[in-house]
$ cat model.cif   # mmCIF, N, CA and C atoms
data_query
loop_
_atom_site.group_PDB
_atom_site.id
_atom_site.type_symbol
_atom_site.label_atom_id
_atom_site.label_comp_id
_atom_site.auth_asym_id
_atom_site.auth_seq_id
_atom_site.Cartn_x
_atom_site.Cartn_y
_atom_site.Cartn_z
ATOM 1 N N MET O 1 0.848 -1.179 0.000
ATOM 2 C CA MET O 1 0.000 0.000 0.000
ATOM 3 C C MET O 1 0.892 1.240 0.000
ATOM 4 N N SER O 2 0.657 2.146 -0.941
ATOM 5 C CA SER O 2 1.507 3.327 -1.040
ATOM 6 C C SER O 2 0.848 4.510 -0.328
ATOM 7 N N THR O 3 1.684 5.401 0.131
ATOM 8 C CA THR O 3 1.222 6.600 0.815
ATOM 9 C C THR O 3 1.378 7.781 -0.140
ATOM 10 N N LEU O 4 0.286 8.538 -0.314
ATOM 11 C CA LEU O 4 0.330 9.725 -1.171
ATOM 12 C C LEU O 4 0.753 10.930 -0.355
ATOM 13 N N THR O 5 1.536 11.805 -0.960
ATOM 14 C CA THR O 5 1.885 13.060 -0.285
ATOM 15 C C THR O 5 0.701 14.013 -0.406
ATOM 16 N N LEU O 6 0.760 15.063 0.378
ATOM 17 C CA LEU O 6 -0.309 16.047 0.355
ATOM 18 C C LEU O 6 -0.508 16.600 -1.057
ATOM 19 N N ASN O 7 0.572 16.939 -1.759
ATOM 20 C CA ASN O 7 0.469 17.471 -3.116
ATOM 21 C C ASN O 7 -0.177 16.473 -4.059
ATOM 22 N N GLU O 8 0.154 15.217 -3.933
ATOM 23 C CA GLU O 8 -0.453 14.202 -4.791
ATOM 24 C C GLU O 8 -1.937 14.060 -4.484
ATOM 25 N N LYS O 9 -2.318 14.160 -3.224
ATOM 26 C CA LYS O 9 -3.729 14.086 -2.845
ATOM 27 C C LYS O 9 -4.497 15.276 -3.418
ATOM 28 N N ILE O 10 -3.897 16.443 -3.316
ATOM 29 C CA ILE O 10 -4.550 17.633 -3.865
ATOM 30 C C ILE O 10 -4.673 17.514 -5.378
ATOM 31 N N ASP O 11 -3.617 17.100 -6.043
ATOM 32 C CA ASP O 11 -3.669 16.918 -7.497
ATOM 33 C C ASP O 11 -4.742 15.907 -7.883
ATOM 34 N N ALA O 12 -4.832 14.809 -7.117
ATOM 35 C CA ALA O 12 -5.845 13.786 -7.404
ATOM 36 C C ALA O 12 -7.246 14.360 -7.238
ATOM 37 N N LEU O 13 -7.470 15.138 -6.195
ATOM 38 C CA LEU O 13 -8.787 15.754 -5.993
ATOM 39 C C LEU O 13 -9.126 16.737 -7.111
ATOM 40 N N ILE O 14 -8.150 17.502 -7.509
ATOM 41 C CA ILE O 14 -8.371 18.468 -8.592
ATOM 42 C C ILE O 14 -8.799 17.747 -9.863
ATOM 43 N N ARG O 15 -8.118 16.675 -10.197
ATOM 44 C CA ARG O 15 -8.485 15.900 -11.392
ATOM 45 C C ARG O 15 -9.848 15.234 -11.215
ATOM 46 N N GLU O 16 -10.123 14.754 -10.018
ATOM 47 C CA GLU O 16 -11.410 14.103 -9.750
ATOM 48 C C GLU O 16 -12.565 15.089 -9.899
ATOM 49 N N LEU O 17 -12.299 16.349 -9.624
ATOM 50 C CA LEU O 17 -13.314 17.388 -9.785
ATOM 51 C C LEU O 17 -13.375 17.916 -11.219
ATOM 52 N N ASP O 18 -12.697 17.238 -12.124
ATOM 53 C CA ASP O 18 -12.696 17.549 -13.561
ATOM 54 C C ASP O 18 -11.970 18.837 -13.938
ATOM 55 N N PHE O 19 -11.005 19.224 -13.128
ATOM 56 C CA PHE O 19 -10.132 20.326 -13.506
ATOM 57 C C PHE O 19 -8.853 19.734 -14.064
ATOM 58 N N LYS O 20 -8.334 20.390 -15.098
ATOM 59 C CA LYS O 20 -7.109 19.903 -15.717
ATOM 60 C C LYS O 20 -5.911 20.053 -14.783
ATOM 61 N N ASP O 21 -5.873 21.187 -14.087
ATOM 62 C CA ASP O 21 -4.742 21.473 -13.208
ATOM 63 C C ASP O 21 -5.129 22.557 -12.211
ATOM 64 N N VAL O 22 -4.185 22.963 -11.382
ATOM 65 C CA VAL O 22 -4.432 23.977 -10.361
ATOM 66 C C VAL O 22 -4.850 25.301 -11.010
ATOM 67 N N LYS O 23 -4.238 25.635 -12.136
ATOM 68 C CA LYS O 23 -4.587 26.875 -12.827
ATOM 69 C C LYS O 23 -6.071 26.880 -13.206
ATOM 70 N N GLY O 24 -6.570 25.759 -13.685
ATOM 71 C CA GLY O 24 -7.983 25.661 -14.043
ATOM 72 C C GLY O 24 -8.890 25.826 -12.836
ATOM 73 N N LEU O 25 -8.485 25.246 -11.729
ATOM 74 C CA LEU O 25 -9.251 25.367 -10.488
ATOM 75 C C LEU O 25 -9.283 26.814 -10.016
ATOM 76 N N ILE O 26 -8.140 27.465 -10.049
ATOM 77 C CA ILE O 26 -8.065 28.862 -9.606
ATOM 78 C C ILE O 26 -8.904 29.750 -10.515
ATOM 79 N N LYS O 27 -8.788 29.564 -11.813
ATOM 80 C CA LYS O 27 -9.566 30.367 -12.757
ATOM 81 C C LYS O 27 -11.052 30.180 -12.503
ATOM 82 N N ASP O 28 -11.492 28.932 -12.363
ATOM 83 C CA ASP O 28 -12.904 28.662 -12.134
ATOM 84 C C ASP O 28 -13.383 29.301 -10.831
ATOM 85 N N SER O 29 -12.579 29.201 -9.798
ATOM 86 C CA SER O 29 -12.944 29.786 -8.504
ATOM 87 C C SER O 29 -13.049 31.307 -8.600
ATOM 88 N N LEU O 30 -12.090 31.923 -9.265
ATOM 89 C CA LEU O 30 -12.122 33.375 -9.421
ATOM 90 C C LEU O 30 -13.315 33.825 -10.255
ATOM 91 N N VAL O 31 -13.560 33.141 -11.352
ATOM 92 C CA VAL O 31 -14.698 33.491 -12.208
ATOM 93 C C VAL O 31 -16.005 33.352 -11.431
ATOM 94 N N THR O 32 -16.141 32.274 -10.685
ATOM 95 C CA THR O 32 -17.356 32.055 -9.901
ATOM 96 C C THR O 32 -17.555 33.168 -8.874
ATOM 97 N N GLU O 33 -16.509 33.537 -8.171
ATOM 98 C CA GLU O 33 -16.610 34.600 -7.158
ATOM 99 C C GLU O 33 -16.946 35.940 -7.807
ATOM 100 N N ILE O 34 -16.314 36.249 -8.921
ATOM 101 C CA ILE O 34 -16.590 37.513 -9.605
ATOM 102 C C ILE O 34 -18.024 37.544 -10.121
ATOM 103 N N LEU O 35 -18.488 36.447 -10.714
ATOM 104 C CA LEU O 35 -19.869 36.389 -11.198
ATOM 105 C C LEU O 35 -20.869 36.550 -10.058
ATOM 106 N N CYS O 36 -20.543 36.001 -8.911
ATOM 107 C CA CYS O 36 -21.399 36.147 -7.732
ATOM 108 C C CYS O 36 -21.501 37.617 -7.334
ATOM 109 N N ARG O 37 -20.393 38.313 -7.347
ATOM 110 C CA ARG O 37 -20.407 39.733 -6.988
ATOM 111 C C ARG O 37 -21.171 40.564 -8.013
ATOM 112 N N ILE O 38 -20.955 40.269 -9.291
ATOM 113 C CA ILE O 38 -21.688 40.976 -10.352
ATOM 114 C C ILE O 38 -23.188 40.760 -10.174
ATOM 115 N N SER O 39 -23.573 39.517 -9.914
ATOM 116 C CA SER O 39 -24.984 39.189 -9.728
ATOM 117 C C SER O 39 -25.583 39.921 -8.530
ATOM 118 N N SER O 40 -24.838 39.995 -7.460
ATOM 119 C CA SER O 40 -25.315 40.688 -6.259
ATOM 120 C C SER O 40 -25.552 42.171 -6.538
ATOM 121 N N PHE O 41 -24.599 42.807 -7.204
ATOM 122 C CA PHE O 41 -24.774 44.218 -7.548
ATOM 123 C C PHE O 41 -25.928 44.398 -8.546
ATOM 124 N N ALA O 42 -26.058 43.496 -9.501
ATOM 125 C CA ALA O 42 -27.140 43.584 -10.492
ATOM 126 C C ALA O 42 -28.507 43.470 -9.812
ATOM 127 N N GLU O 43 -28.628 42.594 -8.840
ATOM 128 C CA GLU O 43 -29.889 42.455 -8.106
ATOM 129 C C GLU O 43 -30.218 43.745 -7.352
ATOM 130 N N GLU O 44 -29.212 44.355 -6.759
ATOM 131 C CA GLU O 44 -29.436 45.604 -6.046
ATOM 132 C C GLU O 44 -29.878 46.703 -7.014
ATOM 133 N N ILE O 45 -29.240 46.774 -8.159
ATOM 134 C CA ILE O 45 -29.605 47.762 -9.181
ATOM 135 C C ILE O 45 -31.038 47.526 -9.643
ATOM 136 N N GLU O 46 -31.372 46.276 -9.895
ATOM 137 C CA GLU O 46 -32.725 45.932 -10.338
ATOM 138 C C GLU O 46 -33.766 46.332 -9.291
ATOM 139 N N GLY O 47 -33.430 46.162 -8.029
ATOM 140 C CA GLY O 47 -34.344 46.565 -6.962
ATOM 141 C C GLY O 47 -34.634 48.058 -6.994
ATOM 142 N N PHE O 48 -33.606 48.860 -7.209
ATOM 143 C CA PHE O 48 -33.805 50.308 -7.305
ATOM 144 C C PHE O 48 -34.586 50.667 -8.568
ATOM 145 N N GLU O 49 -34.306 49.992 -9.676
ATOM 146 C CA GLU O 49 -35.047 50.264 -10.914
ATOM 147 C C GLU O 49 -36.528 49.952 -10.741
ATOM 148 N N LYS O 50 -36.848 48.882 -10.047
ATOM 149 C CA LYS O 50 -38.248 48.544 -9.790
ATOM 150 C C LYS O 50 -38.880 49.533 -8.821
ATOM 151 N N LYS O 51 -38.154 49.898 -7.785
ATOM 152 C CA LYS O 51 -38.681 50.819 -6.773
ATOM 153 C C LYS O 51 -39.041 52.168 -7.384
ATOM 154 N N TYR O 52 -38.178 52.659 -8.268
ATOM 155 C CA TYR O 52 -38.378 53.997 -8.820
ATOM 156 C C TYR O 52 -38.881 54.003 -10.269
ATOM 157 N N GLY O 53 -38.956 52.858 -10.895
ATOM 158 C CA GLY O 53 -39.495 52.766 -12.251
ATOM 159 C C GLY O 53 -38.655 53.466 -13.300
ATOM 160 N N THR O 54 -37.361 53.526 -13.079
ATOM 161 C CA THR O 54 -36.472 54.203 -14.020
ATOM 162 C C THR O 54 -35.047 53.688 -13.842
ATOM 163 N N ASN O 55 -34.142 54.200 -14.665
ATOM 164 C CA ASN O 55 -32.736 53.818 -14.538
ATOM 165 C C ASN O 55 -31.995 54.849 -13.681
ATOM 166 N N LEU O 56 -30.758 54.555 -13.386
ATOM 167 C CA LEU O 56 -29.963 55.406 -12.494
ATOM 168 C C LEU O 56 -29.811 56.828 -13.029
ATOM 169 N N GLU O 57 -29.495 56.963 -14.304
ATOM 170 C CA GLU O 57 -29.253 58.297 -14.867
ATOM 171 C C GLU O 57 -30.500 59.182 -14.752
ATOM 172 N N GLU O 58 -31.647 58.624 -15.099
ATOM 173 C CA GLU O 58 -32.894 59.393 -15.035
ATOM 174 C C GLU O 58 -33.253 59.707 -13.583
ATOM 175 N N PHE O 59 -33.074 58.734 -12.704
ATOM 176 C CA PHE O 59 -33.358 58.972 -11.288
ATOM 177 C C PHE O 59 -32.486 60.106 -10.752
ATOM 178 N N LYS O 60 -31.216 60.098 -11.129
ATOM 179 C CA LYS O 60 -30.293 61.140 -10.672
ATOM 180 C C LYS O 60 -30.733 62.514 -11.180
ATOM 181 N N ARG O 61 -31.157 62.592 -12.448
ATOM 182 C CA ARG O 61 -31.648 63.860 -13.008
ATOM 183 C C ARG O 61 -32.879 64.350 -12.226
ATOM 184 N N GLN O 62 -33.804 63.421 -11.975
ATOM 185 C CA GLN O 62 -35.017 63.780 -11.234
ATOM 186 C C GLN O 62 -34.667 64.241 -9.815
ATOM 187 N N TYR O 63 -33.769 63.525 -9.175
ATOM 188 C CA TYR O 63 -33.384 63.873 -7.803
ATOM 189 C C TYR O 63 -32.773 65.273 -7.747
ATOM 190 N N GLU O 64 -31.884 65.566 -8.681
ATOM 191 C CA GLU O 64 -31.185 66.844 -8.687
ATOM 192 C C GLU O 64 -32.090 68.032 -9.029
ATOM 193 N N SER O 65 -33.240 67.754 -9.652
ATOM 194 C CA SER O 65 -34.140 68.841 -10.044
ATOM 195 C C SER O 65 -35.212 69.125 -8.989
ATOM 196 N N ARG O 66 -35.184 68.388 -7.882
ATOM 197 C CA ARG O 66 -36.210 68.565 -6.840
ATOM 198 C C ARG O 66 -35.567 68.946 -5.517
ATOM 199 N N GLU O 67 -36.455 69.189 -4.540
ATOM 200 C CA GLU O 67 -35.970 69.487 -3.191
ATOM 201 C C GLU O 67 -35.285 68.255 -2.613
ATOM 202 N N GLU O 68 -34.372 68.513 -1.692
ATOM 203 C CA GLU O 68 -33.597 67.421 -1.106
ATOM 204 C C GLU O 68 -34.508 66.453 -0.360
ATOM 205 N N ASP O 69 -34.246 65.173 -0.575
ATOM 206 C CA ASP O 69 -34.988 64.088 0.074
ATOM 207 C C ASP O 69 -33.947 63.091 0.569
ATOM 208 N N PHE O 70 -33.814 62.980 1.886
ATOM 209 C CA PHE O 70 -32.729 62.180 2.450
ATOM 210 C C PHE O 70 -32.858 60.686 2.122
ATOM 211 N N GLU O 71 -34.068 60.180 2.072
ATOM 212 C CA GLU O 71 -34.247 58.760 1.717
ATOM 213 C C GLU O 71 -33.803 58.519 0.278
ATOM 214 N N LYS O 72 -34.224 59.397 -0.605
ATOM 215 C CA LYS O 72 -33.824 59.253 -2.006
ATOM 216 C C LYS O 72 -32.323 59.479 -2.173
ATOM 217 N N TYR O 73 -31.751 60.380 -1.385
ATOM 218 C CA TYR O 73 -30.313 60.596 -1.450
ATOM 219 C C TYR O 73 -29.566 59.325 -1.048
ATOM 220 N N ASP O 74 -30.004 58.694 0.038
ATOM 221 C CA ASP O 74 -29.384 57.436 0.472
ATOM 222 C C ASP O 74 -29.504 56.365 -0.610
ATOM 223 N N ASP O 75 -30.682 56.285 -1.226
ATOM 224 C CA ASP O 75 -30.872 55.315 -2.312
ATOM 225 C C ASP O 75 -29.978 55.645 -3.499
ATOM 226 N N LEU O 76 -29.857 56.922 -3.824
ATOM 227 C CA LEU O 76 -29.001 57.338 -4.934
ATOM 228 C C LEU O 76 -27.555 56.925 -4.686
ATOM 229 N N MET O 77 -27.067 57.153 -3.467
ATOM 230 C CA MET O 77 -25.684 56.791 -3.137
ATOM 231 C C MET O 77 -25.489 55.265 -3.219
ATOM 232 N N ALA O 78 -26.434 54.512 -2.692
ATOM 233 C CA ALA O 78 -26.347 53.047 -2.735
ATOM 234 C C ALA O 78 -26.451 52.542 -4.166
ATOM 235 N N TRP O 79 -27.315 53.145 -4.958
ATOM 236 C CA TRP O 79 -27.513 52.765 -6.357
ATOM 237 C C TRP O 79 -26.240 53.033 -7.151
ATOM 238 N N GLU O 80 -25.660 54.212 -6.962
ATOM 239 C CA GLU O 80 -24.414 54.532 -7.660
ATOM 240 C C GLU O 80 -23.287 53.581 -7.251
ATOM 241 N N PHE O 81 -23.218 53.260 -5.974
ATOM 242 C CA PHE O 81 -22.201 52.323 -5.501
ATOM 243 C C PHE O 81 -22.393 50.953 -6.146
ATOM 244 N N ALA O 82 -23.629 50.501 -6.218
ATOM 245 C CA ALA O 82 -23.922 49.200 -6.830
ATOM 246 C C ALA O 82 -23.547 49.219 -8.311
ATOM 247 N N GLN O 83 -23.855 50.305 -8.997
ATOM 248 C CA GLN O 83 -23.521 50.413 -10.419
ATOM 249 C C GLN O 83 -22.010 50.398 -10.620
ATOM 250 N N GLN O 84 -21.301 51.154 -9.789
ATOM 251 C CA GLN O 84 -19.844 51.190 -9.897
ATOM 252 C C GLN O 84 -19.232 49.835 -9.555
ATOM 253 N N GLY O 85 -19.777 49.173 -8.555
ATOM 254 C CA GLY O 85 -19.289 47.850 -8.179
ATOM 255 C C GLY O 85 -19.493 46.840 -9.288
ATOM 256 N N LYS O 86 -20.666 46.871 -9.893
ATOM 257 C CA LYS O 86 -20.959 45.955 -11.009
ATOM 258 C C LYS O 86 -20.004 46.198 -12.166
ATOM 259 N N GLU O 87 -19.810 47.450 -12.522
ATOM 260 C CA GLU O 87 -18.907 47.785 -13.625
ATOM 261 C C GLU O 87 -17.465 47.391 -13.302
ATOM 262 N N TYR O 88 -17.055 47.595 -12.061
ATOM 263 C CA TYR O 88 -15.700 47.233 -11.643
ATOM 264 C C TYR O 88 -15.466 45.732 -11.817
ATOM 265 N N TRP O 89 -16.390 44.911 -11.313
ATOM 266 C CA TRP O 89 -16.201 43.463 -11.381
ATOM 267 C C TRP O 89 -16.377 42.931 -12.802
ATOM 268 N N GLU O 90 -17.205 43.581 -13.621
ATOM 269 C CA GLU O 90 -17.285 43.190 -15.029
ATOM 270 C C GLU O 90 -15.944 43.438 -15.721
ATOM 271 N N LYS O 91 -15.306 44.543 -15.387
ATOM 272 C CA LYS O 91 -13.979 44.855 -15.941
ATOM 273 C C LYS O 91 -12.958 43.812 -15.484
ATOM 274 N N LYS O 92 -12.994 43.459 -14.199
ATOM 275 C CA LYS O 92 -12.064 42.456 -13.666
ATOM 276 C C LYS O 92 -12.285 41.093 -14.319
ATOM 277 N N LEU O 93 -13.522 40.759 -14.618
ATOM 278 C CA LEU O 93 -13.819 39.490 -15.283
ATOM 279 C C LEU O 93 -13.202 39.474 -16.687
ATOM 280 N N LYS O 94 -13.318 40.573 -17.410
ATOM 281 C CA LYS O 94 -12.694 40.655 -18.741
ATOM 282 C C LYS O 94 -11.180 40.548 -18.640
ATOM 283 N N GLU O 95 -10.603 41.211 -17.643
ATOM 284 C CA GLU O 95 -9.151 41.119 -17.446
ATOM 285 C C GLU O 95 -8.732 39.679 -17.157
ATOM 286 N N LEU O 96 -9.488 39.009 -16.316
ATOM 287 C CA LEU O 96 -9.186 37.622 -15.965
ATOM 288 C C LEU O 96 -9.268 36.727 -17.196
ATOM 289 N N GLU O 97 -10.305 36.914 -17.992
ATOM 290 C CA GLU O 97 -10.462 36.094 -19.192
ATOM 291 C C GLU O 97 -9.327 36.323 -20.187
ATOM 292 N N SER O 98 -8.770 37.528 -20.189
ATOM 293 C CA SER O 98 -7.702 37.814 -21.149
ATOM 294 C C SER O 98 -6.350 37.256 -20.707
ATOM 295 N N VAL O 99 -6.171 36.999 -19.413
ATOM 296 C CA VAL O 99 -4.875 36.508 -18.942
ATOM 297 C C VAL O 99 -4.854 35.005 -18.677
ATOM 298 N N LEU O 100 -6.005 34.388 -18.570
ATOM 299 C CA LEU O 100 -6.024 32.958 -18.291
ATOM 300 C C LEU O 100 -6.497 32.157 -19.476
#

$ encode --input "model.cif" --output "structure tokens"
Amino acid sequence: MSTLTLNEKIDALIRELDFKDVKGLIKDSLVTEILCRISSFAEEIEGFEKKYGTNLEEFKRQYESREEDFEKYDDLMAWEFAQQGKEYWEKKLKELESVL
């Protein structure tokens, strides 16, 4: 009976999970995590679009043309953050796809 080293056990598990090598596992893990973040930000954006019945740009125009509303201001800041986060992770996903 032979004893496998830790590296051999890890390599065997990686192959058993249908990854070609460690690089494939890392790429898949990174892509999955990035897609999860994009999806989370997209859901938040969709929630604001449903709540206000418009997109971010139009909501911002409407907000700026009216009297200050602290609830809407908070939503605007959160909406902009979600949009920027989504765009950031979409960019990172493209970068990842180009290097792996």

$ residues_around --input "model.cif" --residues "O:Leu56" --least-positions-apart "5" --cutoff "7 Å" --atoms "all atoms listed in the file" --output "ChimeraX atom specification"
/O:49,61,79

$ resolve_selection --input "model.cif" --expression "the PyMOL selection byres (((chain O and resi 87-96 and name CA) around 8) and name CA)" --output "list in words"
Lys27, Val31, Ile34, Leu35, Arg37, Ile38, Gln83, Gln84, Gly85, Lys86, Glu97, Ser98, Val99 and Leu100 of chain O

$ select_by_dssp --input "model.cif" --residues "chain O" --states "helix (DSSP H, G or I)" --output "PyMOL selection string"
chain O and resi 6-16+22-52+56-64+70-99

$ residues_near_point --input "model.cif" --point "(-29.7, 59.9, -5.4)" --cutoff "6.5 Å" --atoms "all atoms listed in the file" --output "ChimeraX atom specification"
/O:59-60,63,72-77

$ closest_residue --input "model.cif" --among "O:Glu67, O:Glu80, O:Asp21, O:Asp28" --to "O:Phe48" --atoms "only C-alpha atoms"
O:Glu80

$ atom_distance --input "model.cif" --atom1 "atom CA of O:Glu44" --atom2 "atom CA of O:Phe81"
9.9 Å

$ atom_distance --input "model.cif" --atom1 "atom C of O:Glu33" --atom2 "atom N of O:Phe19"
18.5 Å

$ atom_distance --input "model.cif" --atom1 "atom CA of O:Thr32" --atom2 "atom CA of O:Ala12"
21.7 Å

$ closest_residue --input "model.cif" --among "O:Glu58, O:Asn7, O:Leu13, O:Ala82" --to "O:Ile45" --atoms "all atoms listed in the file"
O:Ala82

$ decode --input "model.cif" --residues "stretch 27-41 of chain O" --atoms "N, CA and C atoms" --output "PDB file, in the first residue's frame"
ATOM      1  N   LYS O  27      -8.788  29.564 -11.813  1.00  0.00           N
ATOM      2  CA  LYS O  27      -9.566  30.367 -12.757  1.00  0.00           C
ATOM      3  C   LYS O  27     -11.052  30.180 -12.503  1.00  0.00           C
ATOM      4  N   ASP O  28     -11.492  28.932 -12.363  1.00  0.00           N
ATOM      5  CA  ASP O  28     -12.904  28.662 -12.134  1.00  0.00           C
ATOM      6  C   ASP O  28     -13.383  29.301 -10.831  1.00  0.00           C
ATOM      7  N   SER O  29     -12.579  29.201  -9.798  1.00  0.00           N
ATOM      8  CA  SER O  29     -12.944  29.786  -8.504  1.00  0.00           C
ATOM      9  C   SER O  29     -13.049  31.307  -8.600  1.00  0.00           C
ATOM     10  N   LEU O  30     -12.090  31.923  -9.265  1.00  0.00           N
ATOM     11  CA  LEU O  30     -12.122  33.375  -9.421  1.00  0.00           C
ATOM     12  C   LEU O  30     -13.315  33.825 -10.255  1.00  0.00           C
ATOM     13  N   VAL O  31     -13.560  33.141 -11.352  1.00  0.00           N
ATOM     14  CA  VAL O  31     -14.698  33.491 -12.208  1.00  0.00           C
ATOM     15  C   VAL O  31     -16.005  33.352 -11.431  1.00  0.00           C
ATOM     16  N   THR O  32     -16.141  32.274 -10.685  1.00  0.00           N
ATOM     17  CA  THR O  32     -17.356  32.055  -9.901  1.00  0.00           C
ATOM     18  C   THR O  32     -17.555  33.168  -8.874  1.00  0.00           C
ATOM     19  N   GLU O  33     -16.509  33.537  -8.171  1.00  0.00           N
ATOM     20  CA  GLU O  33     -16.610  34.600  -7.158  1.00  0.00           C
ATOM     21  C   GLU O  33     -16.946  35.940  -7.807  1.00  0.00           C
ATOM     22  N   ILE O  34     -16.314  36.249  -8.921  1.00  0.00           N
ATOM     23  CA  ILE O  34     -16.590  37.513  -9.605  1.00  0.00           C
ATOM     24  C   ILE O  34     -18.024  37.544 -10.121  1.00  0.00           C
ATOM     25  N   LEU O  35     -18.488  36.447 -10.714  1.00  0.00           N
ATOM     26  CA  LEU O  35     -19.869  36.389 -11.198  1.00  0.00           C
ATOM     27  C   LEU O  35     -20.869  36.550 -10.058  1.00  0.00           C
ATOM     28  N   CYS O  36     -20.543  36.001  -8.911  1.00  0.00           N
ATOM     29  CA  CYS O  36     -21.399  36.147  -7.732  1.00  0.00           C
ATOM     30  C   CYS O  36     -21.501  37.617  -7.334  1.00  0.00           C
ATOM     31  N   ARG O  37     -20.393  38.313  -7.347  1.00  0.00           N
ATOM     32  CA  ARG O  37     -20.407  39.733  -6.988  1.00  0.00           C
ATOM     33  C   ARG O  37     -21.171  40.564  -8.013  1.00  0.00           C
ATOM     34  N   ILE O  38     -20.955  40.269  -9.291  1.00  0.00           N
ATOM     35  CA  ILE O  38     -21.688  40.976 -10.352  1.00  0.00           C
ATOM     36  C   ILE O  38     -23.188  40.760 -10.174  1.00  0.00           C
ATOM     37  N   SER O  39     -23.573  39.517  -9.914  1.00  0.00           N
ATOM     38  CA  SER O  39     -24.984  39.189  -9.728  1.00  0.00           C
ATOM     39  C   SER O  39     -25.583  39.921  -8.530  1.00  0.00           C
ATOM     40  N   SER O  40     -24.838  39.995  -7.460  1.00  0.00           N
ATOM     41  CA  SER O  40     -25.315  40.688  -6.259  1.00  0.00           C
ATOM     42  C   SER O  40     -25.552  42.171  -6.538  1.00  0.00           C
ATOM     43  N   PHE O  41     -24.599  42.807  -7.204  1.00  0.00           N
ATOM     44  CA  PHE O  41     -24.774  44.218  -7.548  1.00  0.00           C
ATOM     45  C   PHE O  41     -25.928  44.398  -8.546  1.00  0.00           C
TER      46      PHE O  41
END
